[in-house]
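What follows is final_27.cif (mmCIF, C-alpha atoms and all ligand atoms).
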```cif
data_model
loop_
_atom_site.label_atom_id
_atom_site.label_comp_id
_atom_site.auth_asym_id
_atom_site.auth_seq_id
_atom_site.Cartn_x
_atom_site.Cartn_y
_atom_site.Cartn_z
CA MET A 1 -58.93 -70.17 45.11
CA LYS A 2 -61.77 -72.59 45.77
CA VAL A 3 -63.86 -73.74 42.80
CA LEU A 4 -67.36 -75.22 42.74
CA VAL A 5 -68.35 -77.38 39.74
CA ILE A 6 -72.09 -77.95 39.32
CA GLY A 7 -73.24 -81.29 37.90
CA GLY A 8 -72.52 -84.97 38.35
CA GLY A 9 -71.64 -86.59 35.04
CA GLY A 10 -68.56 -87.47 33.02
CA ARG A 11 -68.30 -83.91 31.76
CA GLU A 12 -68.09 -82.62 35.32
CA HIS A 13 -65.52 -85.25 36.35
CA ALA A 14 -63.32 -84.12 33.43
CA LEU A 15 -63.73 -80.44 34.36
CA VAL A 16 -62.91 -81.16 38.01
CA TRP A 17 -59.85 -83.19 36.91
CA LYS A 18 -58.57 -80.34 34.74
CA LEU A 19 -59.33 -77.58 37.27
CA LYS A 20 -57.44 -79.53 39.95
CA GLN A 21 -54.27 -79.13 37.86
CA SER A 22 -54.49 -75.34 37.97
CA GLU A 23 -51.98 -73.41 40.06
CA LEU A 24 -54.79 -70.99 40.86
CA VAL A 25 -56.93 -73.69 42.48
CA ASP A 26 -56.47 -75.10 46.00
CA LYS A 27 -59.72 -76.94 46.38
CA VAL A 28 -62.55 -78.16 44.18
CA TYR A 29 -66.12 -78.91 45.27
CA CYS A 30 -68.60 -80.75 43.04
CA ALA A 31 -72.38 -80.57 43.49
CA PRO A 32 -73.66 -83.24 43.49
CA GLY A 33 -70.72 -85.05 41.80
CA ASN A 34 -70.23 -88.83 41.50
CA ALA A 35 -67.88 -91.50 42.85
CA GLY A 36 -65.12 -90.28 40.54
CA THR A 37 -65.27 -86.64 41.56
CA SER A 38 -65.33 -87.67 45.24
CA GLN A 39 -61.81 -89.10 44.80
CA ILE A 40 -60.29 -85.79 43.67
CA ALA A 41 -62.77 -83.20 44.99
CA GLU A 42 -65.29 -82.83 47.79
CA ASN A 43 -68.81 -83.76 46.76
CA VAL A 44 -71.54 -81.46 48.02
CA ASN A 45 -75.07 -82.72 48.39
CA VAL A 46 -76.91 -79.84 46.70
CA SER A 47 -78.98 -80.31 43.55
CA GLU A 48 -78.13 -78.47 40.31
CA LYS A 49 -81.63 -76.92 40.43
CA ASP A 50 -81.28 -75.54 43.95
CA ILE A 51 -79.85 -72.16 42.97
CA ARG A 52 -80.39 -70.64 46.43
CA GLY A 53 -78.66 -73.61 48.05
CA LEU A 54 -75.71 -73.30 45.66
CA ILE A 55 -75.38 -69.57 46.35
CA ASP A 56 -75.39 -70.22 50.09
CA PHE A 57 -72.75 -72.92 49.69
CA ALA A 58 -70.53 -70.69 47.53
CA LYS A 59 -70.79 -67.85 50.06
CA ASN A 60 -70.26 -69.94 53.17
CA ASN A 61 -67.23 -71.68 51.66
CA GLU A 62 -65.57 -68.68 50.02
CA VAL A 63 -65.83 -70.15 46.53
CA GLY A 64 -63.93 -67.92 44.08
CA LEU A 65 -65.30 -69.44 40.87
CA THR A 66 -68.38 -71.54 40.11
CA VAL A 67 -68.50 -73.59 36.89
CA VAL A 68 -71.86 -74.76 35.56
CA GLY A 69 -71.88 -78.10 33.72
CA PRO A 70 -75.52 -78.81 32.73
CA GLU A 71 -77.95 -76.62 30.79
CA LEU A 72 -80.87 -76.61 33.22
CA PRO A 73 -79.42 -74.25 35.84
CA LEU A 74 -78.13 -71.97 33.04
CA VAL A 75 -81.57 -71.77 31.44
CA MET A 76 -83.05 -71.14 34.91
CA GLY A 77 -80.77 -68.11 35.23
CA ILE A 78 -78.17 -69.28 37.74
CA VAL A 79 -75.53 -66.93 36.31
CA ASP A 80 -77.65 -63.81 36.88
CA GLU A 81 -78.45 -64.93 40.44
CA PHE A 82 -74.80 -65.57 41.32
CA GLU A 83 -73.67 -62.28 39.80
CA LYS A 84 -76.36 -60.39 41.73
CA GLU A 85 -74.72 -61.72 44.88
CA GLY A 86 -71.26 -60.67 43.69
CA LEU A 87 -70.16 -64.27 43.05
CA LYS A 88 -67.97 -65.15 40.06
CA ILE A 89 -69.46 -67.79 37.78
CA PHE A 90 -68.55 -69.31 34.40
CA GLY A 91 -71.47 -69.65 31.98
CA PRO A 92 -73.91 -67.58 29.93
CA ASN A 93 -76.61 -65.47 31.60
CA LYS A 94 -80.31 -66.28 31.34
CA GLU A 95 -80.87 -64.21 28.22
CA CYS A 96 -78.01 -65.94 26.37
CA ALA A 97 -78.94 -69.39 27.69
CA LYS A 98 -82.23 -69.04 25.76
CA PHE A 99 -80.35 -70.29 22.70
CA GLU A 100 -80.49 -73.75 24.25
CA GLY A 101 -83.86 -73.19 25.92
CA SER A 102 -85.53 -72.30 22.58
CA LYS A 103 -84.71 -73.83 19.22
CA ALA A 104 -87.01 -71.31 17.50
CA LEU A 105 -84.99 -68.43 18.94
CA THR A 106 -81.78 -69.95 17.61
CA LYS A 107 -83.29 -70.42 14.14
CA LYS A 108 -84.48 -66.81 14.09
CA PHE A 109 -80.99 -65.63 15.06
CA LEU A 110 -79.29 -67.82 12.44
CA GLU A 111 -81.65 -66.56 9.76
CA LYS A 112 -81.22 -62.91 10.74
CA TYR A 113 -77.41 -63.09 10.61
CA LYS A 114 -77.35 -65.20 7.42
CA ILE A 115 -75.63 -68.15 9.08
CA PRO A 116 -76.08 -71.39 7.08
CA THR A 117 -78.81 -73.59 8.57
CA ALA A 118 -81.71 -75.81 7.41
CA LYS A 119 -84.84 -74.14 6.03
CA TYR A 120 -87.52 -74.01 8.75
CA LYS A 121 -90.91 -72.85 9.92
CA GLN A 122 -91.90 -72.00 13.46
CA VAL A 123 -95.47 -73.00 14.39
CA GLU A 124 -97.57 -72.22 17.46
CA ASP A 125 -100.26 -74.91 17.33
CA TYR A 126 -101.14 -78.29 15.85
CA GLU A 127 -103.35 -76.95 13.02
CA GLU A 128 -100.70 -74.49 11.93
CA GLY A 129 -98.18 -77.33 12.03
CA LEU A 130 -100.33 -79.50 9.75
CA LEU A 131 -100.76 -76.67 7.25
CA ASN A 132 -97.03 -76.02 7.09
CA LEU A 133 -95.98 -79.64 6.66
CA GLU A 134 -96.94 -79.34 2.99
CA ASP A 135 -93.99 -77.05 2.34
CA PHE A 136 -91.49 -79.73 3.31
CA GLY A 137 -90.62 -83.03 1.67
CA PHE A 138 -89.79 -86.21 3.58
CA PRO A 139 -88.06 -86.97 5.77
CA VAL A 140 -88.96 -83.84 7.73
CA VAL A 141 -87.61 -82.91 11.15
CA ILE A 142 -90.02 -81.92 13.93
CA LYS A 143 -88.50 -80.25 16.99
CA ALA A 144 -90.03 -79.26 20.30
CA ASP A 145 -88.86 -75.71 20.97
CA GLY A 146 -87.79 -76.11 24.60
CA LEU A 147 -85.62 -78.43 26.69
CA ALA A 148 -86.58 -82.09 26.26
CA GLN A 149 -83.55 -84.00 27.57
CA GLY A 150 -82.38 -84.83 24.08
CA LYS A 151 -85.70 -86.47 23.12
CA GLY A 152 -87.50 -83.52 21.53
CA VAL A 153 -86.30 -84.00 17.93
CA ILE A 154 -88.22 -86.45 15.74
CA ILE A 155 -87.18 -87.32 12.21
CA CYS A 156 -90.34 -88.25 10.31
CA GLU A 157 -90.19 -90.42 7.20
CA ASN A 158 -93.77 -89.82 6.09
CA ILE A 159 -96.88 -87.73 6.67
CA ASP A 160 -98.37 -90.06 9.28
CA MET A 161 -95.24 -89.94 11.41
CA ALA A 162 -95.10 -86.18 11.07
CA LYS A 163 -98.75 -85.73 12.09
CA ASN A 164 -98.23 -88.04 15.01
CA ALA A 165 -95.09 -86.18 16.14
CA LEU A 166 -96.93 -82.85 15.98
CA LYS A 167 -99.83 -84.31 17.94
CA GLU A 168 -97.61 -85.80 20.65
CA ILE A 169 -95.67 -82.59 21.11
CA MET A 170 -98.42 -79.98 20.67
CA VAL A 171 -101.63 -81.72 21.74
CA ASP A 172 -100.57 -84.50 24.14
CA LYS A 173 -97.77 -82.25 25.46
CA VAL A 174 -95.36 -85.12 26.07
CA PHE A 175 -92.63 -82.54 26.73
CA GLY A 176 -94.92 -80.17 28.65
CA GLU A 177 -94.59 -76.50 27.78
CA SER A 178 -91.37 -77.24 25.86
CA GLY A 179 -93.81 -78.22 23.10
CA ASP A 180 -95.85 -74.98 23.05
CA VAL A 181 -93.87 -74.01 19.96
CA VAL A 182 -92.50 -76.39 17.33
CA VAL A 183 -89.83 -75.94 14.69
CA ILE A 184 -90.45 -77.84 11.44
CA GLU A 185 -87.19 -78.23 9.60
CA GLU A 186 -85.77 -79.42 6.32
CA PHE A 187 -83.86 -82.72 6.69
CA LEU A 188 -80.11 -82.32 6.09
CA THR A 189 -77.72 -85.06 5.07
CA GLY A 190 -74.00 -85.21 5.69
CA GLU A 191 -71.70 -85.82 8.64
CA GLU A 192 -72.35 -84.29 12.04
CA ALA A 193 -69.70 -82.48 14.03
CA SER A 194 -69.70 -80.29 17.09
CA VAL A 195 -67.58 -77.20 17.60
CA LEU A 196 -67.20 -76.07 21.19
CA CYS A 197 -66.08 -72.48 21.70
CA PHE A 198 -65.04 -70.24 24.54
CA VAL A 199 -66.87 -66.91 24.22
CA ASP A 200 -65.90 -63.95 26.43
CA GLY A 201 -68.43 -61.36 25.26
CA ASN A 202 -65.95 -59.91 22.76
CA ASN A 203 -64.38 -62.84 20.95
CA ILE A 204 -65.16 -66.43 20.09
CA TYR A 205 -62.39 -69.06 20.23
CA PRO A 206 -63.10 -72.57 18.95
CA MET A 207 -61.67 -75.43 20.98
CA GLU A 208 -60.11 -78.44 19.28
CA SER A 209 -62.57 -80.47 17.24
CA ALA A 210 -64.02 -83.77 18.39
CA ARG A 211 -66.01 -86.58 16.77
CA ASP A 212 -68.95 -87.93 18.73
CA TYR A 213 -70.75 -91.30 18.37
CA LYS A 214 -74.43 -91.12 19.31
CA PRO A 215 -76.00 -94.47 18.26
CA ALA A 216 -75.86 -97.26 20.84
CA PHE A 217 -74.29 -100.00 18.70
CA ASP A 218 -71.35 -100.54 16.34
CA ASN A 219 -71.68 -99.18 12.80
CA ASP A 220 -74.01 -96.50 14.15
CA GLU A 221 -76.87 -98.90 14.65
CA GLY A 222 -79.49 -98.75 17.39
CA LEU A 223 -81.11 -95.90 19.25
CA ASN A 224 -79.45 -92.56 19.83
CA THR A 225 -77.79 -92.11 23.21
CA GLY A 226 -76.18 -89.21 25.04
CA GLY A 227 -72.89 -90.36 23.47
CA MET A 228 -71.05 -93.69 23.33
CA GLY A 229 -67.56 -92.34 22.73
CA ASN A 230 -65.53 -89.74 21.08
CA TYR A 231 -62.14 -88.74 19.78
CA SER A 232 -60.16 -85.55 19.16
CA PRO A 233 -59.12 -84.01 16.82
CA ASN A 234 -61.92 -84.86 14.39
CA ARG A 235 -60.47 -86.19 11.10
CA LEU A 236 -63.02 -84.12 9.17
CA PHE A 237 -61.53 -80.79 10.26
CA ASP A 238 -58.73 -79.56 8.04
CA GLU A 239 -57.58 -75.99 7.55
CA LYS A 240 -60.11 -75.37 4.82
CA LEU A 241 -63.06 -76.42 6.93
CA ASN A 242 -61.73 -74.54 9.96
CA ASN A 243 -61.51 -71.37 7.87
CA LYS A 244 -64.99 -71.85 6.50
CA VAL A 245 -66.41 -72.36 10.00
CA ARG A 246 -64.62 -69.20 11.15
CA GLN A 247 -65.87 -67.06 8.24
CA LYS A 248 -69.39 -68.35 7.75
CA ILE A 249 -70.33 -69.31 11.27
CA LEU A 250 -68.17 -68.03 14.14
CA ASN A 251 -67.66 -64.45 12.95
CA PRO A 252 -71.33 -63.82 12.12
CA ILE A 253 -72.38 -65.39 15.45
CA MET A 254 -70.17 -62.95 17.33
CA GLU A 255 -71.41 -60.02 15.26
CA GLY A 256 -74.97 -61.18 15.91
CA PHE A 257 -74.42 -61.37 19.67
CA LYS A 258 -73.02 -57.86 19.65
CA SER A 259 -75.75 -56.29 17.56
CA GLU A 260 -78.42 -57.98 19.70
CA GLY A 261 -76.71 -56.55 22.79
CA LEU A 262 -76.06 -60.06 24.13
CA ASP A 263 -73.12 -60.37 26.51
CA TYR A 264 -72.46 -64.05 25.81
CA LYS A 265 -69.83 -65.49 28.16
CA GLY A 266 -69.01 -69.16 28.66
CA VAL A 267 -69.08 -72.10 26.28
CA LEU A 268 -71.06 -72.09 23.06
CA PHE A 269 -71.50 -75.57 21.60
CA ILE A 270 -72.40 -75.44 17.92
CA GLY A 271 -73.90 -78.57 16.41
CA LEU A 272 -73.08 -78.79 12.69
CA MET A 273 -74.04 -80.89 9.71
CA ILE A 274 -71.29 -80.92 7.07
CA GLU A 275 -71.95 -81.94 3.50
CA ASN A 276 -69.38 -81.59 0.72
CA GLY A 277 -67.28 -79.40 2.98
CA GLU A 278 -70.17 -76.99 3.66
CA PRO A 279 -71.13 -76.61 7.33
CA LYS A 280 -74.70 -75.81 8.43
CA VAL A 281 -75.77 -75.14 12.00
CA LEU A 282 -78.17 -77.68 13.56
CA GLU A 283 -78.36 -76.19 17.02
CA PHE A 284 -76.67 -74.28 19.82
CA ASN A 285 -76.03 -75.61 23.28
CA VAL A 286 -74.87 -73.19 25.94
CA ARG A 287 -72.45 -75.46 27.82
CA PHE A 288 -69.77 -78.11 27.37
CA GLY A 289 -70.80 -81.34 25.66
CA ASP A 290 -70.64 -84.76 27.26
CA PRO A 291 -68.50 -86.77 26.35
CA GLU A 292 -66.72 -84.25 24.05
CA THR A 293 -65.40 -82.51 27.15
CA GLN A 294 -63.62 -85.66 28.30
CA SER A 295 -61.50 -86.02 25.15
CA ILE A 296 -61.02 -82.27 24.72
CA MET A 297 -59.87 -81.63 28.30
CA LEU A 298 -57.22 -84.34 27.83
CA ARG A 299 -55.73 -82.19 25.04
CA LEU A 300 -55.86 -78.80 26.76
CA ASP A 301 -52.36 -77.76 27.80
CA SER A 302 -53.41 -74.45 29.36
CA ASP A 303 -54.78 -73.65 32.78
CA LEU A 304 -58.57 -74.11 32.63
CA ALA A 305 -59.24 -71.97 35.71
CA ASN A 306 -57.36 -69.09 34.09
CA ILE A 307 -59.37 -69.51 30.88
CA MET A 308 -62.62 -69.51 32.82
CA LEU A 309 -61.76 -66.48 34.94
CA ASN A 310 -60.66 -64.52 31.86
CA THR A 311 -63.83 -65.56 30.04
CA ALA A 312 -66.02 -64.40 32.92
CA ASP A 313 -64.06 -61.11 33.01
CA GLY A 314 -64.41 -60.59 29.24
CA MET A 315 -60.66 -60.63 28.63
CA LEU A 316 -59.81 -64.03 27.21
CA ALA A 317 -56.81 -64.01 24.83
CA GLU A 318 -55.79 -66.46 22.13
CA GLU A 319 -52.55 -67.18 24.05
CA ASP A 320 -54.57 -68.38 27.04
CA ILE A 321 -55.66 -71.47 25.12
CA ARG A 322 -53.00 -74.02 24.09
CA TRP A 323 -53.57 -77.56 22.89
CA THR A 324 -51.36 -80.61 22.58
CA LYS A 325 -50.94 -81.98 19.05
CA ARG A 326 -51.52 -85.48 20.44
CA HIS A 327 -54.74 -87.42 19.93
CA SER A 328 -57.29 -88.49 22.51
CA ALA A 329 -59.99 -91.15 22.55
CA CYS A 330 -62.81 -91.88 24.97
CA VAL A 331 -65.00 -95.00 25.02
CA VAL A 332 -68.11 -94.96 27.18
CA MET A 333 -69.10 -98.03 29.22
CA VAL A 334 -72.85 -98.16 29.69
CA SER A 335 -75.34 -100.22 31.68
CA GLY A 336 -76.92 -103.04 29.65
CA GLY A 337 -80.20 -101.86 28.11
CA TYR A 338 -79.25 -98.15 27.93
CA PRO A 339 -80.67 -95.90 26.42
CA GLU A 340 -83.84 -97.81 27.31
CA SER A 341 -84.38 -99.32 30.76
CA TYR A 342 -81.36 -100.64 32.67
CA GLU A 343 -80.45 -101.68 36.20
CA LYS A 344 -78.37 -99.72 38.69
CA GLY A 345 -76.36 -100.59 41.76
CA LYS A 346 -73.94 -103.07 40.09
CA GLU A 347 -70.49 -103.18 41.67
CA ILE A 348 -67.71 -101.99 39.35
CA PHE A 349 -64.46 -104.01 39.35
CA GLY A 350 -61.00 -103.31 38.00
CA LEU A 351 -60.95 -99.51 38.18
CA ASN A 352 -57.46 -99.60 39.71
CA ASP A 353 -56.09 -102.16 37.25
CA VAL A 354 -55.80 -99.84 34.26
CA ASP A 355 -52.40 -98.56 33.07
CA SER A 356 -51.23 -95.28 34.52
CA ASN A 357 -51.67 -93.45 31.19
CA VAL A 358 -55.38 -94.27 31.13
CA ILE A 359 -57.91 -91.93 32.68
CA VAL A 360 -61.31 -93.20 33.68
CA PHE A 361 -63.87 -90.44 34.01
CA HIS A 362 -66.93 -91.47 36.00
CA ALA A 363 -70.47 -90.58 34.90
CA GLY A 364 -73.29 -92.61 36.54
CA THR A 365 -71.43 -93.99 39.56
CA LYS A 366 -71.75 -93.67 43.31
CA THR A 367 -70.08 -95.02 46.42
CA GLU A 368 -72.14 -97.45 48.50
CA ASP A 369 -70.74 -99.20 51.60
CA GLY A 370 -67.22 -98.43 50.43
CA LYS A 371 -67.84 -99.96 46.99
CA ILE A 372 -68.21 -98.12 43.69
CA VAL A 373 -71.47 -99.07 41.99
CA THR A 374 -73.30 -98.10 38.81
CA ASP A 375 -75.86 -95.32 39.14
CA GLY A 376 -76.89 -94.39 35.60
CA GLY A 377 -76.98 -95.38 31.93
CA ARG A 378 -73.63 -94.00 30.97
CA VAL A 379 -71.29 -95.27 33.68
CA LEU A 380 -67.64 -94.60 32.77
CA GLY A 381 -65.60 -92.90 30.04
CA VAL A 382 -62.34 -94.74 29.52
CA CYS A 383 -59.86 -92.33 27.95
CA ALA A 384 -56.28 -92.11 26.75
CA VAL A 385 -53.95 -89.82 24.82
CA GLY A 386 -51.51 -91.03 22.15
CA ASP A 387 -49.11 -89.75 19.51
CA SER A 388 -51.56 -91.06 16.94
CA LEU A 389 -55.28 -91.74 17.05
CA GLU A 390 -54.53 -95.47 16.68
CA GLU A 391 -52.28 -95.40 19.73
CA ALA A 392 -54.90 -93.58 21.82
CA ARG A 393 -57.63 -95.96 20.69
CA GLU A 394 -55.57 -99.13 21.24
CA THR A 395 -54.62 -97.99 24.76
CA VAL A 396 -58.28 -97.47 25.59
CA TYR A 397 -59.41 -100.83 24.17
CA GLU A 398 -56.51 -102.70 25.86
CA ASN A 399 -57.53 -101.29 29.20
CA ILE A 400 -61.30 -101.22 29.03
CA LYS A 401 -61.23 -105.03 29.18
CA LYS A 402 -59.87 -104.80 32.72
CA ILE A 403 -62.98 -103.01 33.99
CA SER A 404 -66.21 -104.88 34.51
CA PHE A 405 -69.68 -104.76 36.00
CA GLU A 406 -72.78 -106.87 35.42
CA GLY A 407 -74.36 -105.94 32.08
CA ALA A 408 -71.50 -103.64 31.01
CA TYR A 409 -71.52 -102.73 27.33
CA TYR A 410 -69.41 -100.53 25.07
CA ARG A 411 -68.96 -99.97 21.34
CA ASN A 412 -65.96 -101.59 19.69
CA ASP A 413 -65.63 -99.20 16.78
CA ILE A 414 -64.97 -95.83 18.42
CA ALA A 415 -62.22 -93.93 16.54
CA ARG A 416 -61.81 -96.72 13.96
N1 LIG B 501 -82.35 -80.60 10.07
C1 LIG B 501 -81.87 -81.80 10.40
N2 LIG B 501 -81.55 -82.70 9.45
C2 LIG B 501 -81.10 -83.92 9.78
N3 LIG B 501 -80.93 -84.34 11.04
C3 LIG B 501 -81.20 -83.50 12.05
C4 LIG B 501 -81.70 -82.18 11.77
N4 LIG B 501 -81.89 -81.56 12.96
C5 LIG B 501 -81.54 -82.44 13.92
N5 LIG B 501 -81.13 -83.62 13.38
C6 LIG B 501 -80.68 -84.81 14.12
O1 LIG B 501 -81.28 -84.83 15.39
C7 LIG B 501 -80.29 -84.74 16.42
C8 LIG B 501 -80.82 -83.91 17.56
O2 LIG B 501 -81.15 -82.61 17.09
P1 LIG B 501 -80.64 -81.31 17.82
O3 LIG B 501 -81.14 -80.14 17.07
O4 LIG B 501 -79.17 -81.42 18.03
O5 LIG B 501 -81.44 -81.33 19.20
P2 LIG B 501 -81.14 -81.93 20.64
O6 LIG B 501 -79.68 -82.22 20.75
O7 LIG B 501 -81.58 -80.84 21.56
O8 LIG B 501 -82.00 -83.13 20.75
C9 LIG B 501 -79.08 -84.16 15.72
O9 LIG B 501 -77.89 -84.51 16.40
C10 LIG B 501 -79.19 -84.76 14.34
O10 LIG B 501 -78.72 -86.11 14.35
MG MG B 502 -77.94 -81.92 19.78
#
```

Please rewrite the model in this file as structure tokens.
Ligand SMILES: Nc1ncnc2c1ncn2[C@@H]1O[C@H](COP(=O)(O)OP(=O)(O)O)[C@@H](O)[C@H]1O
Ligand SMILES: [Mg+2]
Amino acid sequence: MKVLVIGGGGREHALVWKLKQSELVDKVYCAPGNAGTSQIAENVNVSEKDIRGLIDFAKNNEVGLTVVGPELPLVMGIVDEFEKEGLKIFGPNKECAKFEGSKALTKKFLEKYKIPTAKYKQVEDYEEGLLNLEDFGFPVVIKADGLAQGKGVIICENIDMAKNALKEIMVDKVFGESGDVVVIEEFLTGEEASVLCFVDGNNIYPMESARDYKPAFDNDEGLNTGGMGNYSPNRLFDEKLNNKVRQKILNPIMEGFKSEGLDYKGVLFIGLMIENGEPKVLEFNVRFGDPETQSIMLRLDSDLANIMLNTADGMLAEEDIRWTKRHSACVVMVSGGYPESYEKGKEIFGLNDVDSNVIVFHAGTKTEDGKIVTDGGRVLGVCAVGDSLEEARETVYENIKKISFEGAYYRNDIAR
């Protein structure tokens, strides 16, 4: 079978890498891909937004399974369009993808099915927002309803910040129509964790846990980024917490999907805040996380193509998903200045000098005149598996030193 992976980041490189190992897969295409995917798959120059172009490619090349990495094509309804044409695709349909496309919709769903989450109020304009601020203390969290590339959530320490956030989102429309509706939310404290699940329309199966690091600098200082590193399994998750997540969150989500008549198939990424062992849902994403996918795929023993086909067919079984007990760690190398402005086009050295047990997933890279150069903020995810977390981490940090490019930066405290 031929597989098409849509997207071009570290997440997609990890998915391509894992799909390549499947006995069911002869060839993998990646649209648009990066320099890393081009080494193990064939990159295809079609944008993730060009749904018609992707359908034509899948048809002309007899693609048996398409896997969607990023949220935008899912929210645009790529799954419905592919299925209309009789093409098999892994991901939620447009109706289900609304959980990422609208934070207000997710809050309404969580409330209706009594799933623990922060207290909130949905508002439709600036004046209504101002009136409702009074019901919340500080800090208060102001969220643009729609997609905002990870920038639509503002934590406001005082009334002036909150007014300003409401004005920027609802009057100045800095996120366009994504700010037509705003969710005002109670500020939660605790430790964040994400639970990624396979959902096949009937059942929900959590993947192994991971721990993400969002802030740019050591000790969680600096601005939030897309993710500076990650490890799996997450130390926070013991049997007690796993059971609680299953009972209070996963089971009611599945019941909710069924009673709403939602045929959710694909990955559901649940963002959690955990305080004193009690998990509360922050948000849903409707696809794999980046870089969680990199460290999780390193621990998946089973055939990913088989899991995805069974998910799309609504017949995924617990036995289809097996994990290694070993630990994985991933440290992201970024361009100097990220997440603010940074330069691109810097040649990357040392990619072939790492030990054979180290896997380097590419994110923002491309090939130029036969050289691999930087092409984004997050450039590489340097990953390894070990019998202990320490072993995985030490392998990564021993090897990351061998890779270099002008302005390269990474955190030194991932998985410590
Ligand atoms: N109610 C809340 N209390 C405290 N922090 C929050 C709350 N909601 C969101 N955050 C913080 O903001 C980040 C982004 O919010 P999230 O809802 O995940 O939106 P997105 O990922 O789409 O930007 C979270 O990872 C968390 O750090
Ligand atoms: Mg989030």

Point-to-point distance in Å for atom CA of Leu380 of chain A and atom CA of His362 of chain A: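 Those two atoms sit 4.6 Å apart.
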
Protein and nucleic acid residues within 12 Å of ligand MG 502 (chain B) (all atoms listed in the file) as an MDAnalysis selection string: chainID A and resid 100 103 143 147:154 192:195 212:214 224:227 269:273 281:290

Please measure the separation of atom CA of Gln39 of chain A and atom CA of Tyr409 of chain A, giving the value in Å to one decimal.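 Interatomic distance here is 24.2 Å.
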
I want to know what sits within 8 Å of Phe90 of chain A, based on all atoms listed in the file, with residues of the same chain fewer than 6 positions away left out; could you give that as a ChimeraX atom specification? /A:65-68,79,265-266,308-309,311-312

Would you please work out which residue, of A:Leu19, A:Ile204, A:Ile159, A:Val373, is nearest to Asp301 of chain A when using all atoms listed in the file?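 Ranked by minimum distance to Asp301 of chain A, first place goes to A:Leu19.
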
What is the distance between atom CA of Ala41 of chain A and atom CA of Glu62 of chain A, in Å to one decimal?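 If I compute the distance from atom CA of Ala41 of chain A to atom CA of Glu62 of chain A, I get 15.6 Å.
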
Within 7 Å of segment 235-252 of chain A, counting all atoms listed in the file, which residues qualify if same-chain residues fewer than 4 places away don't, as a compact mmCIF listing (two decimals) with C-alpha atoms, in the coordinates of the input?
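Output contents, as saved in part-v5.txt:
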```
# COMPACT_ATOMS: atom_id res chain seq x y z
CA TYR A 113 -77.41 -63.09 10.61
CA ILE A 115 -75.63 -68.15 9.08
CA ILE A 204 -65.16 -66.43 20.09
CA GLY A 256 -74.97 -61.18 15.91
CA GLY A 277 -67.28 -79.40 2.98
CA PRO A 279 -71.13 -76.61 7.33
```

Using only C-alpha atoms and all ligand atoms, which of the listed residues (A:Pro215, A:Gly36, A:Gly314, A:Gly337) sits closest to ligand LIG 501 (chain B)?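 Of the candidates, the smallest distance to ligand LIG 501 (chain B) is held by A:Pro215.
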
Which residue is closest to Gly336 of chain A? Choose from A:Ile253, A:Val379, A:Leu262, A:Cys96 and count all atoms listed in the file.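 Result for the nearest residue to Gly336 of chain A: A:Val379.
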
Could you give me the centre and size, in Å to one decimal, of an axis-aligned box around all listed atoms of ligand LIG 501 (chain B) with 5 Å added on every side, as JSON?
```
{"center_x": -80.1, "center_y": -83.1, "center_z": 15.5, "size_x": 14.5, "size_y": 16.0, "size_z": 22.1}
```

Compute the distance from (-72.8, -84.2, -0.4) to each atom, counting only C-alpha atoms, keep the residues with any atom at most 8 Å away, and return them as a PDB file with C-alpha atoms, keeping the file's coordinate frame; use the coordinates of the file.
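The resulting file, point10.pdb, is reproduced below:
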```pdb
ATOM      1  CA  THR A 189     -77.720 -85.060   5.070  1.00  0.00           C
ATOM      2  CA  GLY A 190     -74.000 -85.210   5.690  1.00  0.00           C
ATOM      3  CA  GLU A 275     -71.950 -81.940   3.500  1.00  0.00           C
ATOM      4  CA  ASN A 276     -69.380 -81.590   0.720  1.00  0.00           C
TER       5      ASN A 276
END
```
